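Participant: Structure file target30.txt (compact mmCIF, C-alpha atoms) right here:
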```txt
# COMPACT_ATOMS: atom_id res chain seq x y z
CA MET R 8 -46.72 -6.49 45.67
CA SER R 9 -47.04 -8.19 42.30
CA PHE R 10 -46.71 -11.97 42.23
CA GLU R 11 -43.48 -13.71 41.32
CA PHE R 12 -43.61 -16.05 38.35
CA LEU R 13 -41.39 -18.79 36.98
CA PRO R 14 -40.13 -17.77 33.53
CA ASP R 15 -40.81 -21.01 31.69
CA LYS R 16 -44.33 -21.97 32.64
CA PRO R 17 -47.39 -20.14 31.28
CA ILE R 18 -48.59 -17.52 33.72
CA TYR R 19 -52.21 -18.60 33.47
CA GLN R 20 -51.21 -22.07 34.73
CA GLN R 21 -49.16 -20.59 37.57
CA LEU R 22 -52.14 -18.47 38.60
CA ILE R 23 -54.52 -21.46 38.46
CA ASP R 24 -52.08 -23.41 40.68
CA ARG R 25 -51.87 -20.47 43.04
CA ILE R 26 -55.63 -20.00 43.36
CA THR R 27 -56.40 -23.72 43.70
CA GLY R 28 -53.56 -23.92 46.23
CA GLU R 29 -55.14 -21.15 48.29
CA LEU R 30 -58.42 -23.02 48.13
CA ILE R 31 -56.83 -26.24 49.38
CA ARG R 32 -55.07 -24.38 52.18
CA GLY R 33 -58.28 -22.63 53.16
CA VAL R 34 -57.00 -19.13 52.38
CA ILE R 35 -59.96 -18.86 50.02
CA ARG R 36 -63.19 -20.40 51.30
CA PRO R 37 -66.01 -22.21 49.48
CA GLY R 38 -68.61 -19.71 48.32
CA GLU R 39 -66.21 -16.77 48.59
CA LYS R 40 -66.38 -14.04 45.97
CA LEU R 41 -63.23 -13.56 43.92
CA PRO R 42 -62.04 -10.09 42.88
CA SER R 43 -63.03 -8.90 39.39
CA VAL R 44 -60.73 -9.90 36.53
CA ARG R 45 -59.35 -6.36 36.35
CA GLU R 46 -58.80 -6.04 40.12
CA TYR R 47 -57.03 -9.37 40.30
CA ALA R 48 -54.91 -8.56 37.23
CA VAL R 49 -53.76 -5.30 38.84
CA GLU R 50 -52.98 -7.07 42.11
CA ALA R 51 -50.99 -9.83 40.39
CA GLY R 52 -49.32 -7.44 37.95
CA VAL R 53 -50.41 -9.48 34.94
CA ASN R 54 -52.20 -8.76 31.72
CA ALA R 55 -56.01 -8.67 32.00
CA ASN R 56 -56.31 -11.07 29.05
CA THR R 57 -54.27 -13.63 30.99
CA MET R 58 -56.46 -13.20 34.06
CA GLN R 59 -59.56 -13.56 31.91
CA ARG R 60 -58.21 -16.90 30.74
CA VAL R 61 -57.54 -17.99 34.34
CA TYR R 62 -61.14 -17.24 35.32
CA LYS R 63 -62.48 -19.04 32.27
CA GLU R 64 -60.39 -22.14 32.98
CA LEU R 65 -61.36 -22.17 36.68
CA GLU R 66 -64.99 -22.05 35.68
CA GLY R 67 -64.40 -24.81 33.12
CA MET R 68 -62.82 -26.91 35.89
CA GLY R 69 -65.90 -26.42 38.05
CA ILE R 70 -63.88 -24.57 40.71
CA THR R 71 -65.77 -21.30 40.32
CA GLU R 72 -69.20 -20.17 39.19
CA THR R 73 -70.15 -16.87 37.66
CA LYS R 74 -73.37 -15.36 38.92
CA ARG R 75 -74.85 -12.88 36.53
CA GLY R 76 -74.20 -9.31 37.55
CA GLN R 77 -72.66 -10.39 40.84
CA GLY R 78 -69.25 -11.73 39.91
CA THR R 79 -67.26 -14.93 40.30
CA PHE R 80 -67.63 -17.19 43.33
CA VAL R 81 -65.75 -20.26 44.54
CA THR R 82 -67.89 -23.37 44.30
CA GLU R 83 -69.58 -24.65 47.45
CA ASN R 84 -69.65 -28.19 46.09
CA PRO R 85 -67.69 -30.23 48.67
CA GLU R 86 -67.04 -33.11 46.26
CA ARG R 87 -65.39 -30.81 43.74
CA LEU R 88 -63.14 -29.41 46.44
CA GLN R 89 -62.28 -32.92 47.60
CA THR R 90 -61.35 -34.05 44.06
CA LEU R 91 -59.31 -30.87 43.63
CA ARG R 92 -57.34 -31.85 46.71
CA GLU R 93 -56.85 -35.39 45.36
CA GLU R 94 -55.78 -34.08 41.96
CA ARG R 95 -53.16 -31.80 43.45
CA LYS R 96 -51.87 -34.60 45.68
CA ALA R 97 -51.56 -36.97 42.70
CA GLN R 98 -49.79 -34.26 40.71
CA LEU R 99 -47.30 -33.53 43.49
CA ILE R 100 -46.48 -37.22 43.91
CA ALA R 101 -46.12 -37.74 40.15
CA ASP R 102 -43.69 -34.81 39.93
CA PHE R 103 -41.77 -36.09 42.94
CA LEU R 104 -41.49 -39.64 41.56
CA ARG R 105 -40.28 -38.30 38.24
CA ASP R 106 -37.59 -36.25 39.97
CA ILE R 107 -36.30 -39.06 42.20
CA GLU R 108 -36.25 -41.52 39.31
CA ALA R 109 -34.37 -39.03 37.16
CA LEU R 110 -31.69 -38.98 39.86
CA GLY R 111 -31.64 -42.77 40.17
CA PHE R 112 -33.11 -43.14 43.67
CA THR R 113 -35.20 -46.27 44.12
CA ARG R 114 -38.74 -46.09 45.43
CA GLU R 115 -37.81 -48.48 48.27
CA GLU R 116 -35.01 -46.20 49.38
CA ILE R 117 -37.30 -43.19 49.35
CA THR R 118 -40.14 -45.06 51.06
CA ASP R 119 -37.76 -46.19 53.82
CA TYR R 120 -36.57 -42.65 54.30
CA MET R 121 -40.04 -41.21 54.47
CA THR R 122 -41.37 -43.78 56.90
CA GLY R 123 -38.61 -42.76 59.26
CA ARG R 124 -36.14 -45.59 59.02
CA GLY R 125 -33.58 -43.45 57.24
CA ARG R 126 -34.43 -40.18 58.87
CA ASN R 127 -31.48 -39.99 61.28
CA ASP R 128 -28.73 -40.82 58.78
CA MET J 20 -55.25 -3.23 14.10
CA ILE J 21 -51.80 -1.94 13.10
CA GLU J 22 -50.21 -3.33 9.96
CA ILE J 23 -46.57 -2.65 9.21
CA ALA J 24 -45.47 -3.74 5.74
CA GLN J 25 -41.87 -3.84 4.51
CA VAL J 26 -40.93 -0.55 6.12
CA THR J 27 -37.53 0.99 5.51
CA LYS J 28 -36.03 4.13 6.96
CA SER J 29 -32.51 5.52 6.71
CA TYR J 30 -30.82 8.32 8.60
CA GLY J 31 -28.13 9.43 6.20
CA ARG J 32 -26.25 6.25 5.35
CA ARG J 33 -27.46 4.32 8.35
CA ARG J 34 -30.45 2.03 7.83
CA ALA J 35 -32.60 2.17 10.95
CA LEU J 36 -35.39 0.02 9.50
CA ASP J 37 -34.76 -2.56 6.83
CA GLY J 38 -37.98 -4.25 5.75
CA ALA J 39 -39.73 -4.39 9.13
CA ALA J 40 -43.11 -6.12 9.00
CA ALA J 41 -45.67 -7.01 11.68
CA THR J 42 -49.35 -6.99 12.53
CA PHE J 43 -50.59 -5.98 15.97
CA ALA J 44 -54.17 -6.91 16.80
CA VAL J 45 -56.59 -4.84 18.89
CA GLY J 46 -56.53 -5.46 22.62
CA ARG J 47 -53.01 -6.81 22.90
CA ILE J 48 -50.14 -5.59 25.02
CA VAL J 49 -47.01 -6.03 22.96
CA GLY J 50 -43.37 -5.72 23.95
CA LEU J 51 -40.95 -4.59 21.28
CA VAL J 52 -37.50 -5.76 22.34
CA GLY J 53 -34.01 -5.90 20.88
CA GLU J 54 -30.53 -4.51 21.32
CA ASN J 55 -29.72 -0.79 21.08
CA GLY J 56 -29.89 0.40 17.49
CA SER J 57 -32.13 -2.48 16.37
CA GLY J 58 -34.83 -0.02 15.24
CA LYS J 59 -37.36 -0.26 18.09
CA SER J 60 -37.70 3.45 18.79
CA THR J 61 -37.72 4.33 15.10
CA LEU J 62 -40.53 1.87 14.46
CA LEU J 63 -42.47 3.19 17.44
CA LYS J 64 -42.13 6.78 16.21
CA MET J 65 -43.32 5.67 12.81
CA MET J 66 -46.43 4.07 14.32
CA ALA J 67 -46.95 7.37 16.14
CA GLY J 68 -46.92 9.29 12.85
CA LEU J 69 -43.79 11.20 13.85
CA LEU J 70 -41.63 9.68 11.10
CA ARG J 71 -42.49 8.72 7.55
CA PRO J 72 -41.22 5.48 6.05
CA ASP J 73 -38.86 5.78 3.05
CA SER J 74 -40.76 2.84 1.63
CA GLY J 75 -43.42 0.43 2.88
CA SER J 76 -46.48 1.37 4.92
CA VAL J 77 -47.83 1.66 8.45
CA LEU J 78 -51.61 1.39 8.64
CA LEU J 79 -54.06 1.77 11.50
CA ASP J 80 -57.31 0.00 10.62
CA GLY J 81 -56.36 0.27 6.96
CA LYS J 82 -55.48 3.99 6.97
CA PRO J 83 -51.92 5.32 6.70
CA VAL J 84 -50.77 6.68 10.04
CA THR J 85 -50.20 10.42 9.89
CA ARG J 86 -49.62 12.99 12.59
CA ALA J 87 -53.27 14.08 12.32
CA LEU J 88 -54.62 10.53 12.65
CA ALA J 89 -52.24 9.85 15.55
CA GLY J 90 -53.38 13.05 17.30
CA ARG J 91 -56.88 11.61 17.49
CA ARG J 92 -56.24 7.92 18.05
CA ILE J 93 -52.67 7.17 19.08
CA ALA J 94 -51.02 8.22 22.36
CA TYR J 95 -47.24 8.26 22.18
CA MET J 96 -44.98 8.50 25.20
CA ALA J 97 -41.38 9.42 24.39
CA ASP J 98 -38.37 8.08 26.22
CA ALA J 99 -37.21 11.64 26.86
CA ASP J 100 -37.82 13.39 30.16
CA LEU J 101 -40.71 15.80 30.61
CA PHE J 102 -40.74 18.95 28.61
CA PHE J 103 -42.15 21.79 30.74
CA PRO J 104 -40.20 21.95 33.99
CA TYR J 105 -42.17 24.90 35.41
CA PHE J 106 -45.57 23.24 34.94
CA THR J 107 -47.30 21.63 37.85
CA ILE J 108 -48.83 18.22 37.16
CA ASP J 109 -52.24 19.94 37.00
CA GLN J 110 -50.89 22.36 34.39
CA LEU J 111 -49.38 19.47 32.44
CA PHE J 112 -52.80 17.80 32.36
CA GLY J 113 -54.38 21.13 31.33
CA PHE J 114 -51.91 21.41 28.46
CA TYR J 115 -52.59 17.86 27.27
CA ASP J 116 -56.30 18.66 27.45
CA THR J 117 -55.84 21.53 24.98
CA GLN J 118 -53.76 19.36 22.64
CA PHE J 119 -55.75 16.14 22.46
CA ASP J 120 -59.49 15.74 21.91
CA ASP J 121 -59.40 12.29 23.51
CA PHE J 122 -57.86 13.56 26.76
CA SER J 123 -59.99 12.87 29.84
CA MET J 124 -59.32 15.05 32.85
CA GLU J 125 -61.27 12.59 34.98
CA LYS J 126 -59.02 9.72 33.93
CA ALA J 127 -55.95 11.91 34.49
CA TYR J 128 -57.01 12.60 38.09
CA GLU J 129 -57.80 8.95 38.69
CA ALA J 130 -54.41 7.88 37.31
CA ALA J 131 -52.63 10.56 39.36
CA ASP J 132 -54.38 9.34 42.53
CA PHE J 133 -53.63 5.71 41.70
CA LEU J 134 -49.95 6.59 41.28
CA ARG J 135 -50.04 8.75 44.44
CA LEU J 136 -48.99 11.96 42.68
CA ASP J 137 -49.41 15.40 44.19
CA ARG J 138 -50.89 17.36 41.28
CA THR J 139 -49.75 20.72 42.65
CA SER J 140 -46.04 19.81 42.46
CA LYS J 141 -43.89 21.36 39.77
CA LEU J 142 -42.36 18.84 37.41
CA LYS J 143 -38.85 20.14 37.99
CA ASN J 144 -39.16 19.43 41.71
CA LEU J 145 -40.25 15.83 41.25
CA SER J 146 -38.01 12.80 41.71
CA LYS J 147 -37.22 10.81 38.59
CA GLY J 148 -39.71 8.16 39.70
CA ASN J 149 -42.47 10.72 40.11
CA ARG J 150 -41.71 12.29 36.73
CA GLY J 151 -42.05 8.79 35.25
CA ARG J 152 -45.39 8.41 37.03
CA ALA J 153 -46.60 11.84 35.84
CA LYS J 154 -45.66 11.02 32.27
CA ILE J 155 -47.55 7.73 32.23
CA ALA J 156 -50.59 9.30 33.95
CA ALA J 157 -50.79 12.04 31.29
CA THR J 158 -50.41 9.46 28.51
CA LEU J 159 -52.99 7.01 29.87
CA ALA J 160 -55.49 9.84 30.37
CA ARG J 161 -55.91 9.95 26.62
CA GLN J 162 -58.75 7.65 25.57
CA ALA J 163 -56.66 6.49 22.64
CA ASP J 164 -57.04 3.33 20.57
CA VAL J 165 -53.31 2.72 20.70
CA TYR J 166 -50.70 3.55 23.33
CA LEU J 167 -47.10 3.60 22.17
CA LEU J 168 -44.64 3.71 25.05
CA ASP J 169 -40.93 4.16 24.49
CA GLU J 170 -39.02 2.54 27.38
CA PRO J 171 -41.63 3.26 30.08
CA PHE J 172 -39.51 1.55 32.77
CA SER J 173 -36.03 2.75 31.90
CA GLY J 174 -34.05 4.23 34.75
CA LEU J 175 -36.85 3.67 37.28
CA ASP J 176 -36.52 1.64 40.44
CA PRO J 177 -38.44 -1.65 40.82
CA MET J 178 -41.22 -0.12 42.94
CA VAL J 179 -41.99 2.55 40.37
CA ARG J 180 -41.84 -0.01 37.56
CA GLU J 181 -44.32 -2.16 39.38
CA GLU J 182 -46.70 0.77 39.87
CA ILE J 183 -46.47 1.66 36.21
CA VAL J 184 -47.25 -1.95 35.28
CA LYS J 185 -50.30 -1.83 37.56
CA GLY J 186 -51.34 1.56 36.16
CA LEU J 187 -51.19 0.16 32.64
CA ILE J 188 -53.38 -2.79 33.59
CA ARG J 189 -55.80 -0.59 35.52
CA PHE J 190 -56.20 2.17 32.92
CA THR J 191 -56.22 0.33 29.59
CA ASP J 192 -59.11 -1.65 28.20
CA PRO J 193 -58.15 -4.98 26.59
CA GLU J 194 -61.45 -5.01 24.72
CA ARG J 195 -60.52 -2.09 22.50
CA GLN J 196 -57.10 -0.62 23.28
CA THR J 197 -53.71 -1.79 22.09
CA VAL J 198 -50.46 -1.13 23.92
CA ILE J 199 -47.06 -1.40 22.24
CA MET J 200 -43.97 -0.69 24.31
CA THR J 201 -40.27 -0.87 23.69
CA THR J 202 -38.36 -2.21 26.64
CA HIS J 203 -35.00 -3.46 27.81
CA GLU J 204 -36.63 -4.69 30.99
CA LEU J 205 -38.08 -7.88 29.52
CA GLN J 206 -37.93 -9.70 32.85
CA ASP J 207 -40.09 -7.06 34.56
CA ALA J 208 -42.39 -6.42 31.64
CA ALA J 209 -43.07 -10.03 30.61
CA PRO J 210 -46.03 -10.75 32.95
CA LEU J 211 -47.76 -7.76 31.38
CA LEU J 212 -47.16 -8.72 27.76
CA ASP J 213 -49.49 -10.74 25.53
CA GLU J 214 -46.92 -10.82 22.78
CA ILE J 215 -43.23 -10.15 22.29
CA ALA J 216 -41.71 -8.96 19.02
CA VAL J 217 -37.94 -9.11 18.70
CA MET J 218 -36.09 -6.62 16.50
CA LYS J 219 -32.63 -6.92 15.07
CA GLY J 220 -30.94 -4.92 12.34
CA GLY J 221 -34.09 -2.98 11.48
CA ARG J 222 -36.32 -6.03 11.14
CA ILE J 223 -38.71 -7.98 13.28
CA ILE J 224 -37.06 -11.39 13.49
CA ALA J 225 -39.65 -13.05 15.74
CA HIS J 226 -43.11 -12.30 17.10
CA GLU J 227 -44.82 -14.73 19.49
CA ARG J 228 -47.37 -14.99 22.25
CA THR J 229 -45.67 -14.72 25.63
CA GLU J 230 -47.53 -17.71 27.06
CA ASP J 231 -46.37 -19.87 24.14
CA ILE J 232 -42.77 -18.79 24.73
CA ARG J 233 -43.09 -19.76 28.40
CA ASP J 234 -44.56 -23.09 27.41
CA GLU J 235 -42.07 -24.00 24.71
CA HIS J 236 -38.76 -22.39 25.58
CA ARG J 237 -36.75 -23.40 28.61
CA GLY J 238 -35.72 -20.28 30.51
CA GLY J 239 -38.67 -18.25 29.27
CA PRO J 240 -38.79 -14.97 27.34
CA SER J 241 -35.29 -13.66 28.18
CA ALA J 242 -33.60 -16.92 27.19
CA TRP J 243 -35.76 -17.11 24.07
CA MET J 244 -34.65 -13.65 22.99
CA LYS J 245 -31.00 -14.47 23.65
CA SER J 246 -31.19 -17.67 21.61
CA LEU J 247 -32.76 -15.77 18.71
CA TYR J 248 -29.91 -13.31 18.73
CA GLU J 249 -27.35 -16.12 18.72
CA LYS J 250 -29.11 -17.91 15.88
CA GLU J 251 -29.33 -14.76 13.79
CA SER J 252 -25.70 -13.86 14.16
CA GLU J 253 -24.90 -13.53 10.46
CA PRO J 254 -25.16 -9.92 9.26
CA ILE J 255 -28.67 -8.86 8.33
CA GLY J 256 -29.01 -8.25 4.60
CA ALA J 257 -26.52 -11.04 3.79
CA HIS J 258 -29.42 -13.35 2.96
CA SER J 259 -32.17 -12.40 0.58
CA SER J 260 -35.78 -12.86 1.61
```
Show the structure stored in the file as structure tokens.

Facilitator:
Amino acid sequence: MSFEFLPDKPIYQQLIDRITGELIRGVIRPGEKLPSVREYAVEAGVNANTMQRVYKELEGMGITETKRGQGTFVTENPERLQTLREERKAQLIADFLRDIEALGFTREEITDYMTGRGRND
Amino acid sequence: MIEIAQVTKSYGRRRALDGAAATFAVGRIVGLVGENGSGKSTLLKMMAGLLRPDSGSVLLDGKPVTRALAGRRIAYMADADLFFPYFTIDQLFGFYDTQFDDFSMEKAYEAADFLRLDRTSKLKNLSKGNRGRAKIAATLARQADVYLLDEPFSGLDPMVREEIVKGLIRFTDPERQTVIMTTHELQDAAPLLDEIAVMKGGRIIAHERTEDIRDEHRGGPSAWMKSLYEKESEPIGAHSS
């Protein structure tokens, strides 16, 4: 199956989120070899130029390393993987706070709910 | 690179192309979209050297596109169904091989395997989906510089569409080959497209990178196209440009 994409977010960003998400969840492991750009493009059902950009950005982010003649590998650097996890967490929370504030919920109300006091309402 | 400059074409009194202009760079996959009668297929046939412009020019790397040039460098896939009903897929490949110097039997076999085609089947006995697969396999087996595909997904079910998308990614080389396809299936085709050009009234009214459209337009490519059509609702030709 090809991947499903949201229509109004660049596909390269959605693919970066997907791959980093798999890394955080442990679906992809540190040091693991990624498929070639072409293979991955076929699997995802996206343009090879887009996939090329994804690989370039992941390398720029320090998430992957290209070994000459061998392909692209996920970094084994534990600190990078830890900061990736922190970055995604911060991003999720920022998005969440923006959404609740847009709807007029207060942080106290939400904090109460999440710590369990409002859970059985 | 394909350069289209101020091309016009009329069929009798009807203007199919009315000053169409665009440049398509090497290595891109481009979707040519627009309502029925907007000139997409006419423009594609012109790029394939099958039609001559009444005025204006269509150039491939600076040379006017003719049938002879197209025969060597441009692979065109028509919207119409396959031609030779009594041919097997193998015979279809054999025929293409005699017609086009850039045809690769090896690539044809690879594409047929990838699309899970039985090469001994007669075309007339194939399902519509398999005829669509056979057509794209024969087209992609040409080692052309440009592939022009007229509605490659039309009338095919989602599974076949997806396989054709994958076949296109697998068997074209973004370093040196350009793909231009007309399509009504923008939703399905969009992940494949580097660029989208919108036609209306015989002109190209917009031409953007797909990723930019996703970034800048709420609702993505389909909504973007719709909004362009609403904006451009006055009759074409009413304004001078």

Participant: Name the residues in contact with Gln25 of chain J at a cut-off of 6 Å, using only C-alpha atoms, excluding same-chain residues fewer than 2 positions from it; report them as a PyMOL selection string.

Facilitator: chain J and resi 38-40+75

Participant: Between atom CA of Ala157 of chain J and atom CA of Leu145 of chain J, what is the distance in Å, rounded to a tenth?

Facilitator: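 About the pair atom CA of Ala157 of chain J and atom CA of Leu145 of chain J: they are 15.0 Å apart.
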
Participant: Report as CSV the residues of chain J within 7 Å of chain R, each with its shortest atom pair and distance in Å (one decimal), using all atoms listed in the file, ordered by chain and increasing residue number.

Facilitator:
```
residue,atom,partner,partner_atom,distance
J:Val184,CA,R:Gly52,CA,6.4
J:Lys185,CA,R:Val49,CA,5.1
J:Ile188,CA,R:Val49,CA,5.8
J:Arg189,CA,R:Val49,CA,6.1
J:Pro193,CA,R:Asn56,CA,6.8
J:Pro210,CA,R:Val53,CA,5.0
J:Leu211,CA,R:Asn54,CA,4.6
J:Leu212,CA,R:Asn54,CA,6.4
J:Glu230,CA,R:Pro17,CA,4.9
J:Arg233,CA,R:Asp15,CA,4.2
J:Asp234,CA,R:Lys16,CA,5.4
J:His236,CA,R:Asp15,CA,6.6
J:Arg237,CA,R:Asp15,CA,5.6
J:Gly238,CA,R:Asp15,CA,5.3
J:Gly239,CA,R:Asp15,CA,4.2
J:Pro240,CA,R:Pro14,CA,6.9
```

Participant: Mind pulling up the distance from atom CA of Gly38 of chain R to atom CA of Leu91 of chain R?

Facilitator: 15.3 Å

Participant: At a cut-off of 12 Å, using all atoms listed in the file, what residues contact Tyr166 of chain J? Leave out same-chain residues fewer than 3 positions from it and give the result as a PyMOL selection string.

Facilitator: chain J and resi 21+45-50+63-64+66-67+89-97+155+157-163+169+171+187+190-193+195-201

Participant: Contacts of Pro37 of chain R at 6 Å or less, counting only C-alpha atoms, minus same-chain residues fewer than 4 places along, as a list in words?

Facilitator: Val81, Thr82 and Glu83 of chain R

Participant: Box for segment 184-191 of chain J - axis-aligned, 6 Å on each of the six sides, all listed atoms - centre and size in Å to one decimal, as JSON.

Facilitator:
```
{"center_x": -51.7, "center_y": -0.3, "center_z": 33.6, "size_x": 21.0, "size_y": 17.0, "size_z": 20.0}
```

Participant: May I have the residues within 9 Å of segment 99-104 of chain J as a list in words, using all atoms listed in the file and disregarding those fewer than 6 positions away in the same chain?

Facilitator: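 Here the answer would be Leu111, Lys141, Leu142, Lys143, Asn144, Lys147, Arg150, Gly151, Ala153, Lys154 and Asp169 of chain J.
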
Participant: Taking (-57.4, -20.2, 31.9) in the file's coordinates as the center, which residues reach within 12 Å of it, counting all atoms listed in the file, put as a list of chain:residue names?

Facilitator: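 It turns out the residues near that spot are R:Pro17, R:Ile18, R:Tyr19, R:Gln20, R:Gln21, R:Leu22, R:Ile23, R:Asp24, R:Ile26, R:Val44, R:Ala55, R:Asn56, R:Thr57, R:Met58, R:Gln59, R:Arg60, R:Val61, R:Tyr62, R:Lys63, R:Glu64, R:Leu65, R:Glu66, R:Gly67, R:Met68, R:Ile70, R:Thr71, J:Glu230.
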
Participant: Could you tell me how far atom CA of Asp98 of chain J lies from atom CA of Phe119 of chain J, in Å and to one decimal?

Facilitator: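 Computing it gives 19.5 Å between the two atoms.
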
Participant: Which is closer to Asp109 of chain J than all the others in J:Ser123, J:Ser57, J:Ser140, J:Thr85, using all atoms listed in the file?

Facilitator: J:Ser140

Participant: Can you tell me which residues surround segment 32-34 of chain J at a distance of at most 9 Å, considering only C-alpha atoms, apart from same-chain residues fewer than 3 positions away, and format the answer as a list in words?

Facilitator: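 Counting only the stated atoms, we get Thr27, Lys28, Ser29, Asp37, Gly58, Gly220 and Gly221 of chain J.
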
Participant: So, counting all atoms listed in the file, which residue among J:Lys82, J:Arg222, J:Arg180, J:Lys250 is closest to Arg152 of chain J?

Facilitator: J:Arg180

Participant: Go through J:Leu167, J:Val84, J:Ala127, J:Leu175 and flag the residue nearest Ser146 of chain J, using only C-alpha atoms for the distances.

Facilitator: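 With only C-alpha atoms as the atom set, the closest residue is J:Leu175.
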
Participant: May I ask you to restore N, CA and C atoms in segment 216-227 of chain J and write the result as a compact mmCIF listing (two decimals), in the coordinates of the input?

Facilitator:
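Now in part-v9.txt:
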```txt
# COMPACT_ATOMS: atom_id res chain seq x y z
N ALA J 216 -42.31 -9.04 20.35
CA ALA J 216 -41.71 -8.96 19.02
C ALA J 216 -40.25 -8.58 19.19
N VAL J 217 -39.38 -9.35 18.57
CA VAL J 217 -37.94 -9.11 18.70
C VAL J 217 -37.41 -8.43 17.45
N MET J 218 -36.69 -7.33 17.64
CA MET J 218 -36.09 -6.62 16.50
C MET J 218 -34.59 -6.81 16.48
N LYS J 219 -34.09 -6.88 15.27
CA LYS J 219 -32.63 -6.92 15.07
C LYS J 219 -32.34 -6.36 13.69
N GLY J 220 -31.36 -5.46 13.62
CA GLY J 220 -30.94 -4.92 12.34
C GLY J 220 -32.07 -4.30 11.52
N GLY J 221 -33.02 -3.67 12.20
CA GLY J 221 -34.09 -2.98 11.48
C GLY J 221 -35.22 -3.86 11.01
N ARG J 222 -35.22 -5.12 11.48
CA ARG J 222 -36.32 -6.03 11.14
C ARG J 222 -36.92 -6.67 12.39
N ILE J 223 -38.12 -7.18 12.21
CA ILE J 223 -38.71 -7.98 13.28
C ILE J 223 -38.38 -9.43 12.97
N ILE J 224 -37.53 -10.04 13.80
CA ILE J 224 -37.06 -11.39 13.49
C ILE J 224 -37.90 -12.46 14.16
N ALA J 225 -38.74 -12.08 15.11
CA ALA J 225 -39.65 -13.05 15.74
C ALA J 225 -40.78 -12.29 16.42
N HIS J 226 -41.94 -12.93 16.50
CA HIS J 226 -43.11 -12.30 17.10
C HIS J 226 -44.01 -13.43 17.60
N GLU J 227 -44.08 -13.59 18.93
CA GLU J 227 -44.82 -14.73 19.49
C GLU J 227 -45.66 -14.31 20.70
```
